[in-house]
Amino acid sequence: MALKLVKTKNAAFVVDEVQDDVREKMGILFGRAIHLYAKRVPTAANPKGVMQYSDYFSNQAVQVCRKDNIVEDRPVNEAENKIYQELSTGQGLDKDDREYLRDNYSEDERNEDQEG
């Protein structure tokens with residue numbers, strides 16, 4: 001299994017690519033993937049928001065993205081590999097994983113500048 005990090009303009013994924021001739025011809029990256037993110041989500045109880053992190057893994061391969069939308073494609077680093085291994089085996093993320101996601105894959109809405 002050769003994991004790789006794939007970034008598009010709007011998202012980042014750790015992908016274990018699965019060869020599929022049909023999707024290859026269509027220019028689609030296909031594999032088991034985890035969307036890397038950390039984002040603050042406002043709730044009724046906490047308008048400032050609570051943090052949500054990457055938490056979903058499916059054993060089924062999925063269509064990740066169109067290959068022509070990829071802006072970065074590289075081998076995963078140690079932290080990204082650890083996050084993939086933990087989520088793919090049903091474990092939760094630890095404090096270091098959440099900090100890594102906040103520092104590198106924050107998807108917070110930038111609404112603060114628009115309020116007022």
# chains A, B, ... in the order shown; residues from 1 in each chain; ligands from 1
$ select_by_dssp --residues "chain A" --states "alpha helix (DSSP H)" --output "JSON list (two decimals) with C-alpha atoms, in the first residue's frame"
[["chain", "number", "residue", "atom", "x", "y", "z"],
["A", 21, "ASP", "CA", -9.45, 1.03, -15.99],
["A", 22, "VAL", "CA", -12.83, 2.68, -16.55],
["A", 23, "ARG", "CA", -12.16, 5.50, -14.08],
["A", 24, "GLU", "CA", -8.59, 5.83, -15.33],
["A", 25, "LYS", "CA", -9.93, 6.50, -18.84],
["A", 26, "MET", "CA", -12.35, 9.05, -17.38],
["A", 78, "GLU", "CA", 4.54, 10.50, 9.04],
["A", 79, "ALA", "CA", 1.67, 12.50, 10.59],
["A", 80, "GLU", "CA", -0.64, 11.97, 7.60],
["A", 81, "ASN", "CA", 0.17, 8.25, 7.53],
["A", 82, "LYS", "CA", -0.65, 8.00, 11.27],
["A", 83, "ILE", "CA", -4.01, 9.74, 10.78],
["A", 84, "TYR", "CA", -4.89, 7.41, 7.89],
["A", 85, "GLN", "CA", -3.88, 4.31, 9.87],
["A", 86, "GLU", "CA", -5.87, 5.38, 12.93],
["A", 87, "LEU", "CA", -9.07, 6.24, 11.07],
["A", 88, "SER", "CA", -8.88, 3.22, 8.77],
["A", 95, "LYS", "CA", -4.37, 15.58, 20.46],
["A", 96, "ASP", "CA", -1.30, 15.66, 18.18],
["A", 97, "ASP", "CA", -3.38, 14.52, 15.17],
["A", 98, "ARG", "CA", -6.00, 17.23, 15.79],
["A", 99, "GLU", "CA", -3.29, 19.86, 16.18],
["A", 100, "TYR", "CA", -1.64, 18.75, 12.92],
["A", 101, "LEU", "CA", -4.98, 19.00, 11.10],
["A", 102, "ARG", "CA", -5.68, 22.48, 12.57],
["A", 103, "ASP", "CA", -2.22, 23.71, 11.58],
["A", 104, "ASN", "CA", -2.21, 22.26, 8.06]]
$ residues_around --residues "His35 in chain A" --least-positions-apart "5" --cutoff "12 Å" --atoms "only C-alpha atoms" --output "NGL selection string"
:A and (5-8 or 10-15 or 53-58 or 62 or 64-65 or 80 or 83-84 or 87-88 or 101 or 105-107)
$ closest_residue --among "A:Val41, A:Val18, A:Leu36, A:Ala2" --to "Asn59 in chain A" --atoms "only C-alpha atoms"
A:Val18
$ select_by_dssp --residues "range 13-114 of chain A" --states "strand (DSSP E or B)" --output "MDAnalysis selection string"
chainID A and resid 13:17 28:36 38:41 50:53 62:66 72:75 106
$ write_last_selection --atoms "N, CA and C atoms" --output "mmCIF file, in the first residue's frame"
data_model
loop_
_atom_site.group_PDB
_atom_site.id
_atom_site.type_symbol
_atom_site.label_atom_id
_atom_site.label_comp_id
_atom_site.auth_asym_id
_atom_site.auth_seq_id
_atom_site.Cartn_x
_atom_site.Cartn_y
_atom_site.Cartn_z
ATOM 1 N N PHE A 13 -6.687 15.000 0.545
ATOM 2 C CA PHE A 13 -7.037 13.622 0.834
ATOM 3 C C PHE A 13 -5.781 12.773 0.977
ATOM 4 N N VAL A 14 -5.823 11.804 1.897
ATOM 5 C CA VAL A 14 -4.840 10.733 1.897
ATOM 6 C C VAL A 14 -5.510 9.600 1.148
ATOM 7 N N VAL A 15 -4.835 9.094 0.119
ATOM 8 C CA VAL A 15 -5.452 8.121 -0.783
ATOM 9 C C VAL A 15 -4.603 6.869 -0.905
ATOM 10 N N ASP A 16 -5.268 5.729 -0.808
ATOM 11 C CA ASP A 16 -4.700 4.438 -1.176
ATOM 12 C C ASP A 16 -5.355 4.110 -2.504
ATOM 13 N N GLU A 17 -4.665 4.433 -3.603
ATOM 14 C CA GLU A 17 -5.261 4.338 -4.934
ATOM 15 C C GLU A 17 -5.547 2.892 -5.315
ATOM 16 N N ILE A 28 -10.381 9.971 -13.459
ATOM 17 C CA ILE A 28 -10.836 10.055 -12.071
ATOM 18 C C ILE A 28 -9.903 9.258 -11.171
ATOM 19 N N LEU A 29 -9.488 9.873 -10.058
ATOM 20 C CA LEU A 29 -8.694 9.185 -9.045
ATOM 21 C C LEU A 29 -9.648 8.345 -8.204
ATOM 22 N N PHE A 30 -9.345 7.057 -8.071
ATOM 23 C CA PHE A 30 -10.225 6.106 -7.408
ATOM 24 C C PHE A 30 -9.442 5.396 -6.322
ATOM 25 N N GLY A 31 -9.997 5.291 -5.118
ATOM 26 C CA GLY A 31 -9.302 4.587 -4.056
ATOM 27 C C GLY A 31 -9.976 4.775 -2.706
ATOM 28 N N ARG A 32 -9.363 4.183 -1.690
ATOM 29 C CA ARG A 32 -9.817 4.389 -0.312
ATOM 30 C C ARG A 32 -9.160 5.684 0.156
ATOM 31 N N ALA A 33 -9.976 6.577 0.719
ATOM 32 C CA ALA A 33 -9.451 7.913 1.004
ATOM 33 C C ALA A 33 -10.012 8.475 2.297
ATOM 34 N N ILE A 34 -9.237 9.385 2.865
ATOM 35 C CA ILE A 34 -9.668 10.173 4.019
ATOM 36 C C ILE A 34 -9.504 11.643 3.654
ATOM 37 N N HIS A 35 -10.565 12.399 3.839
ATOM 38 C CA HIS A 35 -10.522 13.845 3.625
ATOM 39 C C HIS A 35 -9.874 14.463 4.859
ATOM 40 N N LEU A 36 -8.765 15.161 4.669
ATOM 41 C CA LEU A 36 -8.071 15.809 5.787
ATOM 42 C C LEU A 36 -8.653 17.198 5.998
ATOM 43 N N ALA A 38 -9.896 20.253 9.327
ATOM 44 C CA ALA A 38 -10.258 20.732 10.662
ATOM 45 C C ALA A 38 -11.077 21.980 10.407
ATOM 46 N N LYS A 39 -12.285 22.026 10.967
ATOM 47 C CA LYS A 39 -13.104 23.219 10.761
ATOM 48 C C LYS A 39 -13.955 23.509 11.981
ATOM 49 N N ARG A 40 -14.218 24.787 12.173
ATOM 50 C CA ARG A 40 -15.052 25.249 13.273
ATOM 51 C C ARG A 40 -16.485 25.346 12.751
ATOM 52 N N VAL A 41 -17.390 24.661 13.458
ATOM 53 C CA VAL A 41 -18.786 24.621 13.044
ATOM 54 C C VAL A 41 -19.650 25.235 14.138
ATOM 55 N N VAL A 50 -17.717 24.669 17.357
ATOM 56 C CA VAL A 50 -16.934 23.554 17.889
ATOM 57 C C VAL A 50 -16.073 23.026 16.748
ATOM 58 N N MET A 51 -14.930 22.480 17.104
ATOM 59 C CA MET A 51 -14.023 21.963 16.081
ATOM 60 C C MET A 51 -14.461 20.578 15.638
ATOM 61 N N GLN A 52 -14.456 20.364 14.338
ATOM 62 C CA GLN A 52 -14.676 19.042 13.760
ATOM 63 C C GLN A 52 -13.436 18.683 12.958
ATOM 64 N N TYR A 53 -13.102 17.391 12.981
ATOM 65 C CA TYR A 53 -11.878 16.909 12.322
ATOM 66 C C TYR A 53 -12.194 15.727 11.425
ATOM 67 N N VAL A 62 -13.674 4.788 -3.420
ATOM 68 C CA VAL A 62 -14.573 5.850 -3.888
ATOM 69 C C VAL A 62 -13.878 6.674 -4.969
ATOM 70 N N GLN A 63 -14.682 7.405 -5.711
ATOM 71 C CA GLN A 63 -14.130 8.362 -6.663
ATOM 72 C C GLN A 63 -13.702 9.583 -5.855
ATOM 73 N N VAL A 64 -12.414 9.824 -5.785
ATOM 74 C CA VAL A 64 -11.887 10.887 -4.921
ATOM 75 C C VAL A 64 -12.010 12.249 -5.596
ATOM 76 N N CYS A 65 -11.489 12.364 -6.800
ATOM 77 C CA CYS A 65 -11.537 13.636 -7.526
ATOM 78 C C CYS A 65 -11.121 13.391 -8.970
ATOM 79 N N ARG A 66 -11.339 14.402 -9.785
ATOM 80 C CA ARG A 66 -10.845 14.339 -11.170
ATOM 81 C C ARG A 66 -9.339 14.609 -11.135
ATOM 82 N N GLU A 72 -1.535 19.136 -6.107
ATOM 83 C CA GLU A 72 -0.372 18.566 -5.436
ATOM 84 C C GLU A 72 -0.588 17.074 -5.265
ATOM 85 N N ASP A 73 0.458 16.299 -5.516
ATOM 86 C CA ASP A 73 0.406 14.841 -5.393
ATOM 87 C C ASP A 73 1.776 14.403 -4.895
ATOM 88 N N ARG A 74 1.824 13.894 -3.639
ATOM 89 C CA ARG A 74 3.109 13.514 -3.063
ATOM 90 C C ARG A 74 2.898 12.372 -2.076
ATOM 91 N N PRO A 75 3.969 11.684 -1.700
ATOM 92 C CA PRO A 75 3.847 10.659 -0.658
ATOM 93 C C PRO A 75 3.425 11.311 0.658
ATOM 94 N N SER A 106 -6.852 23.439 7.904
ATOM 95 C CA SER A 106 -7.994 24.174 8.435
ATOM 96 C C SER A 106 -8.905 24.617 7.299
#
